[in-house]
Each structure stands twice: as C-alpha cells, then as structure tokens.
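Heads up, the thing below is written out as structure tokens.
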Amino acid sequence: SVLETPQLGTTPLTQLLGFYYHMAGATIGNLTVQACVGTVCTTQWTQTGAQHAAETSAWTRAFLVLAQGTTSVQWTAVAGTSFSGDISIDTISIAPGSTLPPSAPPTASSAPTAAPTLPICSAALAIPFAFFSVSVAVPVQTCQNG
C-alpha cells in the first residue's frame with residue numbers, strides 16, 4: 001500500500017519530516033519513505049522486518065530531512081509472506097528546518113498520544129489510505145516559521 005502527501009508546494013527551505021511507525025509480527029515486509037520532486041522519487045529511509053517485539057510495544061519516532069524542492073512524500077508498506085504482521089504509521093508532521101531533534105528514550109506508551117512538538121503547526125488535513133484492507137485517516141500537519 002502507498003500513502004502520499006498532497007503537493008507540498010515549492011519552498012526554498014529544507015523540511016523536517018517526522019512520523020511514528022510500528023512494525024510487529026512474524027511476517028513483516030518493509031516500510032519505505034521516498035521524497036519526490038515532481039514525478040521523480042528517491043528512497044530516503046527503509047525498515048525491513050519486525051522492528052517491534054509485540055503489538056503492545058512502544059511506537060518509534062523517525063525524522064528525515066527533506067531536500068529543498070521536495071513536492072511530496074510517499075510511504076510504501078509491503079506485506080510479508082503471511083497475514084501475521086502489521087505495519088502502521090501515525091502523527092505525520094512536516095516543518096521547516098534541517099536540525100534533527102535529540103533522541104528521546106522510548107516511552108511505555110503503546111501508541112502515539114500527542115503530535116510532535118515542532119514550530120507553529122496547525123492540523124491541515126487527513127489523508128485516507130488503506131494498509132491491508134483497513135481504511136484509516138492520517139492527520140498531516142503543515143508548519144511554518146512564525
């Protein structure tokens with residue numbers, strides 16, 4: 001399954017992409033993030049196989065710096081060899097900047113409970129998509145410098 005952001009518009013600034021992901025189960029394929037400039041997309045990040053010990057494990061937060069001129073971002077989830085694996089993403093945010101936040105210790109939470117704290121963000125829209133026949137809406141935040 002593929003999730004793609006709406007067009008981000010052109011900006012001369014680099015952007016910081018943040019999102020939570022969870023990959024648990026006996027048969028997990030991979031989750032890939034691509035940054036696109038127009039119709040040309042390049043892989044920026046990939047995780048393969050189970051990244052979490054159980055469905056109740058804390059979610060992991062990932063950050064990527066998107067190059068100037070990035071017009072959209074795509075997440076692609078590829079199923080494993082059986083139904084016994086789940087790949088999920090949540091709390092996607094995009095903000096100006098290129099400085100990655102410091103690593104925080106994992107929390108005991110089994111799912112994200114709050115949006116990332118990035119500069120002056122406002123909820124923009126929800127992107128409907130389906131992973132493994134389950135339709136969900138992912139909130140996307142667009143941010144700007146104040």
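Ordered as shown in the structure tokens, chains take letters A, B, and onward, while each chain numbers its residues from 1 and ligands are numbered from 1 in the order shown.
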Can you list, as a ChimeraX atom specification, every protein, DNA or RNA residue that comes within 10 Å of A:Gly69 when you count only C-alpha atoms, leaving out same-chain residues fewer than 2 positions away? /A:8-15,35-38,66-67,71-72
Determine, counting only C-alpha atoms, which protein, DNA and RNA residues have an atom within 10 Å of an atom of stretch 46-57 of chain A; residues of the same chain fewer than 3 positions away are not included. Present the result as an mmCIF file with C-alpha atoms, in the first residue's frame.
```cif
data_model
loop_
_atom_site.group_PDB
_atom_site.id
_atom_site.type_symbol
_atom_site.label_atom_id
_atom_site.label_comp_id
_atom_site.auth_asym_id
_atom_site.auth_seq_id
_atom_site.Cartn_x
_atom_site.Cartn_y
_atom_site.Cartn_z
ATOM 1 C CA TYR A 21 5.856 3.855 12.915
ATOM 2 C CA HIS A 22 5.143 0.396 14.268
ATOM 3 C CA MET A 23 6.117 -2.898 12.624
ATOM 4 C CA ALA A 24 5.283 -6.042 14.594
ATOM 5 C CA GLY A 25 4.553 -9.650 13.731
ATOM 6 C CA ALA A 26 6.129 -12.829 12.459
ATOM 7 C CA THR A 27 5.970 -11.858 8.779
ATOM 8 C CA ILE A 28 6.748 -8.217 8.077
ATOM 9 C CA GLY A 29 7.839 -6.946 4.695
ATOM 10 C CA ASN A 30 9.208 -3.405 4.652
ATOM 11 C CA LEU A 31 8.283 0.241 5.083
ATOM 12 C CA THR A 32 9.939 2.754 2.775
ATOM 13 C CA VAL A 33 9.799 6.561 2.668
ATOM 14 C CA GLN A 34 10.505 8.351 -0.593
ATOM 15 C CA THR A 43 14.269 6.465 -1.234
ATOM 16 C CA THR A 60 9.152 4.513 17.213
ATOM 17 C CA TRP A 75 5.281 5.812 2.389
ATOM 18 C CA THR A 76 5.145 2.324 0.885
ATOM 19 C CA ALA A 77 4.316 -0.696 3.049
ATOM 20 C CA VAL A 78 4.991 -4.132 1.614
ATOM 21 C CA ALA A 79 3.365 -7.125 3.296
ATOM 22 C CA GLY A 80 5.354 -10.157 4.323
ATOM 23 C CA GLY A 85 2.365 -8.910 10.544
ATOM 24 C CA ASP A 86 1.209 -5.296 10.811
ATOM 25 C CA ILE A 87 2.829 -2.094 9.580
ATOM 26 C CA PRO A 106 11.405 5.127 24.441
ATOM 27 C CA THR A 107 8.181 5.595 26.344
ATOM 28 C CA ALA A 108 5.939 2.919 27.792
ATOM 29 C CA SER A 109 3.101 4.102 25.565
ATOM 30 C CA SER A 110 1.756 1.584 23.080
ATOM 31 C CA ALA A 111 0.784 4.278 20.584
#
```
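Nearest to A:Ile94 of all the residues A:Leu64, A:Gln74, A:Gly18, A:Thr81 is A:Gly18, based on only C-alpha atoms.
We find atom CA of A:Thr42 and atom CA of A:Ala58 to be spaced 28.5 Å apart.
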Please return as an MDAnalysis selection string: the residues of stretch 7-99 of chain A that backbone DSSP assigns to strand (DSSP E). chainID A and resid 15:25 28:37 40:48 60:66 72:79 85:96
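Each of A:Val40, A:Leu17, A:Trp45, A:Ser82 was checked against A:Ser98 using only C-alpha atoms; the smallest atom-to-atom distance is that of A:Leu17.
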How far is it from atom CA of A:Pro101 to atom CA of A:Cys41, in Å with one decimal?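 Atom-to-atom, atom CA of A:Pro101 and atom CA of A:Cys41 are spaced 24.9 Å apart.
Remark: for A:Asp90, the closest of the candidate residues A:Gln68, A:Leu16, A:Trp59, A:Pro6 is A:Trp59 (distances computed over only C-alpha atoms).
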What gap, in Å, lies between atom CA of A:Leu100 and atom CA of A:Tyr20? 14.6 Å
